[in-house]
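File shown: target_32.pdb. Contents: PDB, C-alpha atoms.
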ATOM      1  CA  MET A 278       4.842 -11.383 -52.655
ATOM      2  CA  ARG A 279       3.135 -14.193 -50.766
ATOM      3  CA  ALA A 280       0.014 -15.571 -52.352
ATOM      4  CA  ASP A 281      -2.078 -14.358 -49.401
ATOM      5  CA  ALA A 282      -0.438 -10.944 -49.172
ATOM      6  CA  ARG A 283      -2.656  -7.938 -49.750
ATOM      7  CA  PRO A 284      -1.149  -5.470 -52.228
ATOM      8  CA  VAL A 285      -0.980  -1.808 -51.265
ATOM      9  CA  ILE A 286      -3.352   0.136 -53.512
ATOM     10  CA  LEU A 287      -2.858   3.871 -53.312
ATOM     11  CA  ALA A 288      -5.661   6.387 -53.585
ATOM     12  CA  ARG A 289      -6.811   7.476 -57.025
ATOM     13  CA  MET A 290      -7.361  11.099 -57.906
ATOM     14  CA  ASP A 291      -8.907  12.821 -60.887
ATOM     15  CA  ILE A 292      -7.799  16.437 -60.552
ATOM     16  CA  ASP A 293      -8.380  19.327 -62.921
ATOM     17  CA  THR A 294      -5.143  21.308 -62.979
ATOM     18  CA  GLU A 295      -5.726  23.372 -66.122
ATOM     19  CA  ALA A 296      -7.728  26.043 -64.307
ATOM     20  CA  LEU A 297      -4.773  26.682 -62.003
ATOM     21  CA  LYS A 298      -2.354  27.675 -64.742
ATOM     22  CA  ASN A 299      -3.685  31.231 -65.003
ATOM     23  CA  ILE A 300      -5.019  32.422 -61.663
ATOM     24  CA  PRO A 301      -6.797  35.780 -62.146
ATOM     25  CA  GLN A 302      -6.297  38.728 -59.814
ATOM     26  CA  GLN A 303      -8.657  38.671 -56.822
ATOM     27  CA  GLN A 304      -8.668  39.731 -53.188
ATOM     28  CA  GLN A 305     -10.653  38.927 -50.064
ATOM     29  CA  GLU A 306     -10.813  40.100 -46.475
ATOM     30  CA  TRP A 307      -8.895  37.815 -44.081
ATOM     31  CA  PRO A 308      -9.466  34.958 -43.299
ATOM     32  CA  GLY A 309     -11.129  34.436 -46.715
ATOM     33  CA  ARG A 310     -13.919  32.226 -48.022
ATOM     34  CA  THR A 311     -13.556  29.175 -50.239
ATOM     35  CA  ASP A 312     -16.684  29.778 -52.310
ATOM     36  CA  ASP A 313     -15.522  33.268 -53.285
ATOM     37  CA  MET A 314     -12.348  32.005 -54.981
ATOM     38  CA  THR A 315     -11.816  31.724 -58.748
ATOM     39  CA  PRO A 316     -11.332  28.889 -59.455
ATOM     40  CA  VAL A 317     -12.809  27.170 -56.411
ATOM     41  CA  PRO A 318     -10.127  24.860 -54.937
ATOM     42  CA  ASP A 319     -10.317  21.080 -55.167
ATOM     43  CA  HIS A 320     -10.358  19.489 -51.711
ATOM     44  CA  GLY A 321     -11.014  15.980 -52.997
ATOM     45  CA  GLU A 322     -14.786  16.217 -52.613
ATOM     46  CA  THR A 323     -15.213  14.104 -55.765
ATOM     47  CA  SER A 324     -11.672  13.728 -57.090
ATOM     48  CA  TYR A 325     -10.253  11.631 -54.231
ATOM     49  CA  THR A 326     -10.986   7.933 -53.775
ATOM     50  CA  GLY A 327      -9.759   6.361 -50.548
ATOM     51  CA  ARG A 328      -8.366   2.868 -50.052
ATOM     52  CA  GLU A 329      -8.989   2.120 -46.342
ATOM     53  CA  ARG A 330      -5.551   3.323 -45.232
ATOM     54  CA  LEU A 331      -6.713   4.976 -41.974
ATOM     55  CA  VAL A 332      -9.559   2.725 -40.892
ATOM     56  CA  GLY A 333     -10.411   3.165 -37.219
ATOM     57  CA  LYS A 334      -8.067   6.093 -36.623
ATOM     58  CA  LYS A 335      -9.103   9.239 -34.763
ATOM     59  CA  ALA A 336      -7.593  12.531 -35.911
ATOM     60  CA  LEU A 337      -7.597  16.157 -34.799
ATOM     61  CA  ILE A 338      -6.887  18.601 -37.639
ATOM     62  CA  THR A 339      -6.372  22.290 -36.920
ATOM     63  CA  GLY A 340      -7.321  24.801 -39.579
ATOM     64  CA  GLY A 341      -9.704  22.148 -40.844
ATOM     65  CA  ASP A 342     -12.374  24.454 -42.210
ATOM     66  CA  SER A 343     -10.793  25.187 -45.598
ATOM     67  CA  GLY A 344      -7.747  24.736 -47.805
ATOM     68  CA  ILE A 345      -5.234  22.051 -46.879
ATOM     69  CA  GLY A 346      -7.052  21.337 -43.605
ATOM     70  CA  ARG A 347     -10.388  20.686 -45.318
ATOM     71  CA  ALA A 348      -8.745  18.493 -47.957
ATOM     72  CA  THR A 349      -6.950  16.508 -45.250
ATOM     73  CA  ALA A 350     -10.164  16.024 -43.276
ATOM     74  CA  ILE A 351     -11.983  14.780 -46.378
ATOM     75  CA  ALA A 352      -9.139  12.454 -47.381
ATOM     76  CA  PHE A 353      -8.828  11.070 -43.846
ATOM     77  CA  ALA A 354     -12.576  10.399 -43.795
ATOM     78  CA  LYS A 355     -12.475   8.660 -47.167
ATOM     79  CA  GLU A 356      -9.643   6.514 -45.794
ATOM     80  CA  GLY A 357     -11.769   5.468 -42.812
ATOM     81  CA  ALA A 358     -10.861   7.927 -40.040
ATOM     82  CA  ASP A 359     -13.103   9.966 -37.766
ATOM     83  CA  VAL A 360     -11.972  13.580 -37.432
ATOM     84  CA  ALA A 361     -12.302  16.642 -35.247
ATOM     85  CA  ILE A 362     -11.470  19.979 -36.822
ATOM     86  CA  ALA A 363     -10.430  23.210 -35.131
ATOM     87  CA  TYR A 364     -10.924  26.583 -36.789
ATOM     88  CA  LEU A 365     -11.527  30.237 -35.965
ATOM     89  CA  PRO A 366     -15.126  31.025 -34.954
ATOM     90  CA  GLN A 367     -15.518  33.381 -37.932
ATOM     91  CA  GLU A 368     -14.867  30.430 -40.259
ATOM     92  CA  GLN A 369     -17.973  28.511 -39.157
ATOM     93  CA  ALA A 370     -19.573  28.455 -42.616
ATOM     94  CA  ASP A 371     -16.523  26.822 -44.191
ATOM     95  CA  ALA A 372     -16.277  24.398 -41.259
ATOM     96  CA  GLU A 373     -19.873  23.285 -41.786
ATOM     97  CA  GLU A 374     -19.033  22.557 -45.425
ATOM     98  CA  THR A 375     -16.088  20.404 -44.362
ATOM     99  CA  LYS A 376     -18.312  18.516 -41.939
ATOM    100  CA  LYS A 377     -20.841  17.834 -44.689
ATOM    101  CA  HIS A 378     -18.214  16.158 -46.882
ATOM    102  CA  VAL A 379     -16.732  14.134 -44.011
ATOM    103  CA  GLU A 380     -20.169  12.843 -43.072
ATOM    104  CA  THR A 381     -20.938  12.078 -46.718
ATOM    105  CA  ALA A 382     -17.931   9.750 -46.540
ATOM    106  CA  GLY A 383     -19.621   7.997 -43.633
ATOM    107  CA  ARG A 384     -17.366   9.263 -40.855
ATOM    108  CA  THR A 385     -17.744  11.463 -37.783
ATOM    109  CA  CYS A 386     -16.736  15.128 -37.908
ATOM    110  CA  VAL A 387     -16.553  17.099 -34.659
ATOM    111  CA  LEU A 388     -16.518  20.910 -34.980
ATOM    112  CA  LEU A 389     -14.366  22.738 -32.415
ATOM    113  CA  PRO A 390     -14.181  26.494 -33.020
ATOM    114  CA  THR A 391     -11.027  27.716 -31.276
ATOM    115  CA  ASP A 392      -8.615  30.625 -31.333
ATOM    116  CA  GLN A 393      -5.388  28.737 -30.532
ATOM    117  CA  ARG A 394      -3.273  31.706 -29.493
ATOM    118  CA  THR A 395      -3.213  30.803 -25.784
ATOM    119  CA  GLN A 396      -2.047  27.714 -23.954
ATOM    120  CA  GLU A 397      -5.401  27.424 -22.179
ATOM    121  CA  ALA A 398      -7.262  27.313 -25.497
ATOM    122  CA  ASN A 399      -5.096  24.456 -26.741
ATOM    123  CA  VAL A 400      -5.482  22.434 -23.555
ATOM    124  CA  ALA A 401      -9.263  22.840 -23.797
ATOM    125  CA  LEU A 402      -9.236  21.978 -27.509
ATOM    126  CA  MET A 403      -7.340  18.749 -26.937
ATOM    127  CA  SER A 404      -9.629  17.735 -24.084
ATOM    128  CA  LYS A 405     -12.757  18.314 -26.178
ATOM    129  CA  ALA A 406     -11.324  16.441 -29.182
ATOM    130  CA  VAL A 407     -10.281  13.387 -27.167
ATOM    131  CA  ASP A 408     -13.624  13.255 -25.357
ATOM    132  CA  ALA A 409     -15.594  13.558 -28.602
ATOM    133  CA  LEU A 410     -13.527  11.070 -30.584
ATOM    134  CA  GLY A 411     -12.823   8.625 -27.772
ATOM    135  CA  GLY A 412      -9.058   8.952 -28.140
ATOM    136  CA  LEU A 413      -6.420  10.303 -30.497
ATOM    137  CA  ASP A 414      -4.239   8.580 -33.095
ATOM    138  CA  VAL A 415      -3.236  11.470 -35.377
ATOM    139  CA  LEU A 416      -2.636  15.151 -34.650
ATOM    140  CA  VAL A 417      -2.333  17.439 -37.666
ATOM    141  CA  ASN A 418      -1.008  20.893 -36.735
ATOM    142  CA  ASN A 419      -2.121  22.700 -39.869
ATOM    143  CA  ALA A 420      -3.564  26.034 -38.690
ATOM    144  CA  GLY A 421      -1.484  28.953 -39.880
ATOM    145  CA  PHE A 422      -1.474  32.716 -40.286
ATOM    146  CA  GLN A 423       0.374  34.922 -42.743
ATOM    147  CA  MET A 424       0.013  38.484 -43.956
ATOM    148  CA  ALA A 425       2.255  39.822 -46.695
ATOM    149  CA  GLN A 426       4.063  43.095 -46.015
ATOM    150  CA  PRO A 427       5.782  44.217 -49.256
ATOM    151  CA  GLY A 428       7.962  46.696 -47.357
ATOM    152  CA  GLY A 429       9.690  43.906 -45.468
ATOM    153  CA  LEU A 430      11.157  44.171 -41.978
ATOM    154  CA  GLU A 431      10.207  47.756 -41.185
ATOM    155  CA  ASP A 432       6.569  47.237 -42.194
ATOM    156  CA  VAL A 433       5.780  44.209 -39.983
ATOM    157  CA  PRO A 434       3.560  45.444 -37.120
ATOM    158  CA  ALA A 435       4.238  44.114 -33.634
ATOM    159  CA  ALA A 436       0.694  42.724 -33.433
ATOM    160  CA  GLN A 437       1.156  40.805 -36.682
ATOM    161  CA  LEU A 438       4.468  39.347 -35.507
ATOM    162  CA  GLU A 439       2.838  38.135 -32.311
ATOM    163  CA  GLN A 440      -0.182  36.691 -34.143
ATOM    164  CA  THR A 441       1.994  34.849 -36.673
ATOM    165  CA  PHE A 442       4.223  33.219 -34.058
ATOM    166  CA  ALA A 443       1.356  32.483 -31.665
ATOM    167  CA  THR A 444      -0.712  30.810 -34.391
ATOM    168  CA  ASN A 445       2.042  28.955 -36.227
ATOM    169  CA  VAL A 446       4.585  28.033 -33.525
ATOM    170  CA  PHE A 447       3.168  28.481 -30.033
ATOM    171  CA  ALA A 448      -0.129  26.756 -30.852
ATOM    172  CA  THR A 449       1.691  23.809 -32.415
ATOM    173  CA  PHE A 450       3.876  23.479 -29.310
ATOM    174  CA  TRP A 451       1.011  23.834 -26.826
ATOM    175  CA  LEU A 452      -1.399  21.521 -28.651
ATOM    176  CA  THR A 453       1.207  18.787 -29.102
ATOM    177  CA  GLN A 454       2.138  19.189 -25.440
ATOM    178  CA  ALA A 455      -1.516  18.713 -24.502
ATOM    179  CA  ALA A 456      -1.706  15.634 -26.740
ATOM    180  CA  LEU A 457       1.170  13.793 -25.050
ATOM    181  CA  PRO A 458      -0.902  11.878 -22.466
ATOM    182  CA  HIS A 459      -3.134  10.569 -25.264
ATOM    183  CA  LEU A 460      -0.479   9.460 -27.781
ATOM    184  CA  THR A 461       0.484   5.798 -27.649
ATOM    185  CA  ALA A 462       2.683   3.609 -29.845
ATOM    186  CA  GLY A 463       1.627   3.923 -33.473
ATOM    187  CA  ALA A 464       0.308   7.468 -33.098
ATOM    188  CA  SER A 465       1.451  10.242 -35.408
ATOM    189  CA  VAL A 466       1.967  14.004 -35.205
ATOM    190  CA  ILE A 467       2.192  15.899 -38.499
ATOM    191  CA  ASN A 468       3.114  19.577 -38.655
ATOM    192  CA  CYS A 469       2.489  21.850 -41.632
ATOM    193  CA  THR A 470       5.568  23.865 -42.548
ATOM    194  CA  SER A 471       6.218  25.513 -45.925
ATOM    195  CA  ILE A 472       8.573  26.050 -48.837
ATOM    196  CA  GLN A 473       9.009  29.434 -47.148
ATOM    197  CA  ALA A 474      11.280  27.733 -44.618
ATOM    198  CA  TYR A 475      13.723  27.060 -47.479
ATOM    199  CA  GLU A 476      13.030  29.927 -49.912
ATOM    200  CA  PRO A 477      11.776  32.794 -47.710
ATOM    201  CA  SER A 478      10.021  35.693 -49.386
ATOM    202  CA  GLU A 479      10.886  39.163 -48.076
ATOM    203  CA  SER A 480       7.201  40.048 -47.910
ATOM    204  CA  LEU A 481       6.533  37.014 -45.671
ATOM    205  CA  MET A 482       9.517  37.400 -43.364
ATOM    206  CA  ASP A 483       7.727  36.614 -40.112
ATOM    207  CA  TYR A 484       5.753  33.729 -41.613
ATOM    208  CA  ALA A 485       8.853  32.164 -43.161
ATOM    209  CA  ALA A 486      10.646  32.328 -39.820
ATOM    210  CA  THR A 487       7.826  30.431 -38.113
ATOM    211  CA  LYS A 488       7.954  27.683 -40.706
ATOM    212  CA  ALA A 489      11.717  27.243 -40.257
ATOM    213  CA  ALA A 490      11.052  26.993 -36.519
ATOM    214  CA  LEU A 491       8.481  24.257 -37.128
ATOM    215  CA  ASN A 492      11.009  22.228 -39.108
ATOM    216  CA  ASN A 493      13.367  22.337 -36.121
ATOM    217  CA  LEU A 494      10.550  21.565 -33.699
ATOM    218  CA  THR A 495       9.518  18.561 -35.799
ATOM    219  CA  VAL A 496      12.996  17.035 -35.577
ATOM    220  CA  ASN A 497      13.200  17.565 -31.804
ATOM    221  CA  MET A 498       9.721  16.152 -31.232
ATOM    222  CA  ALA A 499      10.540  13.093 -33.322
ATOM    223  CA  ALA A 500      13.663  12.450 -31.254
ATOM    224  CA  GLU A 501      11.777  12.776 -27.976
ATOM    225  CA  LEU A 502       8.663  10.789 -28.887
ATOM    226  CA  GLY A 503      10.340   8.077 -30.954
ATOM    227  CA  PRO A 504      11.076   5.837 -27.936
ATOM    228  CA  LYS A 505       7.318   5.845 -27.207
ATOM    229  CA  GLY A 506       6.598   4.622 -30.734
ATOM    230  CA  VAL A 507       5.094   7.969 -31.751
ATOM    231  CA  ARG A 508       6.165   9.372 -35.113
ATOM    232  CA  VAL A 509       6.516  13.100 -35.817
ATOM    233  CA  ASN A 510       6.866  14.478 -39.334
ATOM    234  CA  ALA A 511       6.085  17.592 -41.330
ATOM    235  CA  VAL A 512       4.641  18.456 -44.727
ATOM    236  CA  ALA A 513       6.077  21.493 -46.502
ATOM    237  CA  PRO A 514       3.643  22.774 -49.136
ATOM    238  CA  GLY A 515       4.656  25.078 -51.925
ATOM    239  CA  PRO A 516       2.160  27.515 -53.469
ATOM    240  CA  ILE A 517      -1.243  25.937 -52.819
ATOM    241  CA  TRP A 518      -4.516  27.525 -53.941
ATOM    242  CA  THR A 519      -6.329  28.199 -50.650
ATOM    243  CA  PRO A 520      -8.268  31.177 -49.191
ATOM    244  CA  LEU A 521      -5.074  32.233 -47.403
ATOM    245  CA  GLN A 522      -3.663  33.456 -50.713
ATOM    246  CA  PRO A 523      -6.220  36.077 -51.873
ATOM    247  CA  ALA A 524      -6.888  37.039 -48.243
ATOM    248  CA  THR A 525      -3.272  37.836 -47.336
ATOM    249  CA  LYS A 526      -1.530  38.938 -50.536
ATOM    250  CA  PRO A 527      -2.097  42.067 -52.632
ATOM    251  CA  ASP A 528      -1.515  40.234 -55.911
ATOM    252  CA  VAL A 529      -2.285  36.599 -56.795
ATOM    253  CA  GLU A 530      -2.431  36.892 -60.578
ATOM    254  CA  GLY A 531      -0.375  34.035 -62.030
ATOM    255  CA  PHE A 532       0.096  32.573 -58.541
ATOM    256  CA  GLY A 533       2.320  29.452 -58.587
ATOM    257  CA  LYS A 534       3.499  29.773 -62.194
ATOM    258  CA  ALA A 535       7.134  30.076 -61.060
ATOM    259  CA  THR A 536       7.234  26.450 -59.918
ATOM    260  CA  PRO A 537       8.866  23.858 -62.187
ATOM    261  CA  LEU A 538       5.412  22.340 -62.764
ATOM    262  CA  GLY A 539       4.145  25.770 -63.812
ATOM    263  CA  ARG A 540       1.109  25.993 -61.538
ATOM    264  CA  PRO A 541       0.031  26.072 -57.899
ATOM    265  CA  GLY A 542      -1.166  22.911 -56.207
ATOM    266  CA  GLN A 543      -4.681  21.932 -55.266
ATOM    267  CA  PRO A 544      -5.307  21.359 -51.531
ATOM    268  CA  VAL A 545      -6.094  17.702 -52.215
ATOM    269  CA  GLU A 546      -2.605  17.259 -53.657
ATOM    270  CA  VAL A 547      -1.175  18.139 -50.238
ATOM    271  CA  ALA A 548      -3.693  16.037 -48.338
ATOM    272  CA  THR A 549      -2.235  12.876 -49.872
ATOM    273  CA  ALA A 550       1.057  13.573 -48.070
ATOM    274  CA  PHE A 551      -0.749  13.814 -44.731
ATOM    275  CA  VAL A 552      -2.557  10.553 -45.464
ATOM    276  CA  TYR A 553       0.727   8.777 -46.159
ATOM    277  CA  LEU A 554       2.444  10.077 -43.023
ATOM    278  CA  ALA A 555      -0.582   9.191 -40.871
ATOM    279  CA  SER A 556      -0.858   5.685 -42.294
ATOM    280  CA  ASP A 557       0.923   2.501 -41.290
ATOM    281  CA  GLU A 558       2.717   2.654 -44.636
ATOM    282  CA  ALA A 559       4.941   5.313 -43.021
ATOM    283  CA  SER A 560       5.675   3.204 -39.930
ATOM    284  CA  TYR A 561       9.444   3.847 -40.195
ATOM    285  CA  VAL A 562       9.203   7.489 -41.260
ATOM    286  CA  SER A 563       9.817  10.028 -38.505
ATOM    287  CA  GLY A 564      11.682  13.314 -38.200
ATOM    288  CA  THR A 565      11.333  14.123 -41.889
ATOM    289  CA  VAL A 566       9.875  16.972 -43.922
ATOM    290  CA  LEU A 567       7.936  15.900 -47.005
ATOM    291  CA  GLY A 568       7.827  18.610 -49.651
ATOM    292  CA  VAL A 569       4.748  19.090 -51.841
ATOM    293  CA  THR A 570       6.063  22.034 -53.790
ATOM    294  CA  GLY A 571       5.598  21.562 -57.528
ATOM    295  CA  GLY A 572       9.342  20.999 -57.924
ATOM    296  CA  LYS A 573      10.915  23.487 -55.519
ATOM    297  CA  PRO A 574      13.583  21.842 -53.298
ATOM    298  CA  VAL A 575      13.163  21.332 -49.543
ATOM    299  CA  PHE A 576      16.777  20.431 -48.788
TER
END
Can I see the file as structure tokens?
Amino acid sequence: MRADARPVILARMDIDTEALKNIPQQQQEWPGRTDDMTPVPDHGETSYTGRERLVGKKALITGGDSGIGRATAIAFAKEGADVAIAYLPQEQADAEETKKHVETAGRTCVLLPTDQRTQEANVALMSKAVDALGGLDVLVNNAGFQMAQPGGLEDVPAAQLEQTFATNVFATFWLTQAALPHLTAGASVINCTSIQAYEPSESLMDYAATKAALNNLTVNMAAELGPKGVRVNAVAPGPIWTPLQPATKPDVEGFGKATPLGRPGQPVEVATAFVYLASDEASYVSGTVLGVTGGKPVF
């Protein structure tokens, strides 16, 4: 290393994982509330320390009110980025909490309540985000919907199938499409897929199919946008302790214990992957899926 070279110092985290080893049974009405969870998830509010890896960047994060989206917004802010977050209107209370933590980190947080299940909504969302932030450097397609159906194929209602694909696949396609005029060399698109794309659960058949589709879409987007200098990647979380779990599954007792690490992940543990892929440290990383799964394979 040259004498004047600046070493790369990664973020530090101080995470309590013991409470996750025995998740008690609990249920909520969809879409769920963070404060009603036991234990309350760690989004990096105090555990994450940034290292100026995203200074000056402007990011739009969908599903940014809670879970992985909230943790990513907080981590991005602590790394120096301004963020806009999209979320369902009924999740306003959680969104306000995310905004509070982003602003505590000294960055801007723009709240954009949006139901992304139409192309028009995504075009409007992108326009509002770019206007509010003054541009766009990072798009995080994180918003997702799932609803377990233990009976499998015959029990998946048509309305649920449409909602799952519209939220997870169509919205990702439409929002990225709307972002194209604003993405220049050095920009990054990061999609949120899942371990379900590799190890699909019968009770999450429709959800798993959407996540496999997003893997394919990520590769195609990376091939198309690469010549413009825009990178496209995906993060595939394993079992992560977010409101989606007690709000969409009949049983969460012992959730995540089947992973090699023996526990589910905290949202902040996934956010670090988004930070890396959004940063200049990943300048030659595109078309890949980064697994954050507690040991489950994504290949």
Give me, as a Markdown table, each residue of range 462-556 of chain A that comes within 7 Å of range 423-431 of chain A, together with its shortest interatomic pair and the distance in Å at one decimal, counting all atoms listed in the file, with rows ordered by chain and rising residue number.
| residue | atom | partner | partner_atom | distance |
| --- | --- | --- | --- | --- |
| A:Glu479 | CA | A:Gly429 | CA | 5.5 |
| A:Ser480 | CA | A:Pro427 | CA | 4.6 |
| A:Leu481 | CA | A:Ala425 | CA | 5.2 |
| A:Met482 | CA | A:Gly429 | CA | 6.8 |
| A:Tyr484 | CA | A:Gln423 | CA | 5.6 |
| A:Thr525 | CA | A:Met424 | CA | 4.8 |
| A:Lys526 | CA | A:Ala425 | CA | 5.5 |
Problem set entry | Shell of 6 Å around range 463-478 of chain A, all atoms listed in the file, local chain residues under 6 positions omitted, as JSON, numbers by chain | {"A": [414, 415, 416, 417, 418, 419, 485, 488, 489, 506, 507, 508, 509, 510, 511, 512, 513, 514, 515, 555]}
Problem set entry | Close residues, range 360-377 of chain A itself excluded, 9 Å, only C-alpha atoms, min 5 positions apart in chain, as number ranges by chain | A: 308-312, 334-343, 346-348, 350-351, 353-354, 382, 384-393, 402, 406-407, 409-410, 420
For this session: Would you mind telling me which residue in A:Gln304, A:Ala456, A:Val545, A:Asp483 lies nearest to Leu502 in chain A when using only C-alpha atoms?
Result: A:Ala456
Residues matched by the PyMOL selection byres ((chain A and resi 299) around 12) as a PDB file with C-alpha atoms, in the frame of the given file:
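The resulting part02.pdb:
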ATOM      1  CA  THR A 294      -5.143  21.308 -62.979  1.00  0.00           C
ATOM      2  CA  GLU A 295      -5.726  23.372 -66.122  1.00  0.00           C
ATOM      3  CA  ALA A 296      -7.728  26.043 -64.307  1.00  0.00           C
ATOM      4  CA  LEU A 297      -4.773  26.682 -62.003  1.00  0.00           C
ATOM      5  CA  LYS A 298      -2.354  27.675 -64.742  1.00  0.00           C
ATOM      6  CA  ILE A 300      -5.019  32.422 -61.663  1.00  0.00           C
ATOM      7  CA  PRO A 301      -6.797  35.780 -62.146  1.00  0.00           C
ATOM      8  CA  GLN A 302      -6.297  38.728 -59.814  1.00  0.00           C
ATOM      9  CA  THR A 315     -11.816  31.724 -58.748  1.00  0.00           C
ATOM     10  CA  PRO A 316     -11.332  28.889 -59.455  1.00  0.00           C
ATOM     11  CA  TRP A 518      -4.516  27.525 -53.941  1.00  0.00           C
ATOM     12  CA  VAL A 529      -2.285  36.599 -56.795  1.00  0.00           C
ATOM     13  CA  GLU A 530      -2.431  36.892 -60.578  1.00  0.00           C
ATOM     14  CA  GLY A 531      -0.375  34.035 -62.030  1.00  0.00           C
ATOM     15  CA  PHE A 532       0.096  32.573 -58.541  1.00  0.00           C
ATOM     16  CA  GLY A 533       2.320  29.452 -58.587  1.00  0.00           C
ATOM     17  CA  LYS A 534       3.499  29.773 -62.194  1.00  0.00           C
ATOM     18  CA  ALA A 535       7.134  30.076 -61.060  1.00  0.00           C
ATOM     19  CA  GLY A 539       4.145  25.770 -63.812  1.00  0.00           C
ATOM     20  CA  ARG A 540       1.109  25.993 -61.538  1.00  0.00           C
ATOM     21  CA  PRO A 541       0.031  26.072 -57.899  1.00  0.00           C
TER      22      PRO A 541
END
For this session: Enumerate, as a PyMOL selection string, the residues matched when the PyMOL selection byres ((chain A and resi 400) around 12) is run on the file above.
Result: chain A and resi 391-399+401-407+448-458
Seminar exercise, completed: Between A:Gln305, A:Ser563, A:Ser556, A:Thr570, smallest distance to Val332 in chain A by all atoms listed in the file belongs to A:Ser556
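Take CA of Gly564 in chain A and CA of Glu546 in chain A: the distance between them is 21.4 Å.
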Exercise. Do you have the CA of Phe447 in chain A-CA of Phe422 in chain A distance handy?
Worked result: 12.0 Å
Work out where the centre of an axis-aligned box around every listed atom of range 558-573 of chain A lies and how long its edges are once 8 Å is added on each side; give both in Å to one decimal as JSON.
{"center_x": 7.2, "center_y": 13.1, "center_z": -48.1, "size_x": 25.0, "size_y": 36.8, "size_z": 35.7}
Problem set entry | Point-to-point distance from CA of Tyr553 in chain A to CA of Asn492 in chain A, Å rounded to tenths | 18.3 Å
For this session: Give the answer as one residue: which of A:Val433, A:Thr565, A:Gln440, A:His459 has the shortest atom-to-atom distance to Ala500 in chain A, using all atoms listed in the file?
Result: A:Thr565
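Evaluated against this file, the PyMOL selection byres ((chain A and resi 356) around 7) yields A:Gly327, A:Arg328, A:Glu329, A:Arg330, A:Leu331, A:Val332, A:Ala352, A:Phe353, A:Ala354, A:Lys355, A:Gly357, A:Ala358.
You can rank A:Leu460, A:Thr444, A:Pro516, A:Ala490 by their closest distance to Thr536 in chain A using only C-alpha atoms, and at the top of that list sits A:Pro516.
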Can you save range 476-487 of chain A of the given block to a file, including C-alpha atoms and formatted as a short mmCIF file (atom, residue, chain, number, x, y, z; two decimals), in the first residue's frame?
data_model
loop_
_atom_site.label_atom_id
_atom_site.label_comp_id
_atom_site.auth_asym_id
_atom_site.auth_seq_id
_atom_site.Cartn_x
_atom_site.Cartn_y
_atom_site.Cartn_z
CA GLU A 476 -34.94 -23.63 -1.55
CA PRO A 477 -38.64 -22.93 -2.19
CA SER A 478 -41.11 -23.73 0.56
CA GLU A 479 -44.39 -25.34 -0.53
CA SER A 480 -46.33 -22.89 1.61
CA LEU A 481 -44.68 -19.94 -0.18
CA MET A 482 -44.97 -21.25 -3.73
CA ASP A 483 -46.01 -18.00 -5.38
CA TYR A 484 -43.51 -15.92 -3.40
CA ALA A 485 -40.63 -18.28 -4.19
CA ALA A 486 -41.46 -18.11 -7.89
CA THR A 487 -41.26 -14.31 -7.85
#
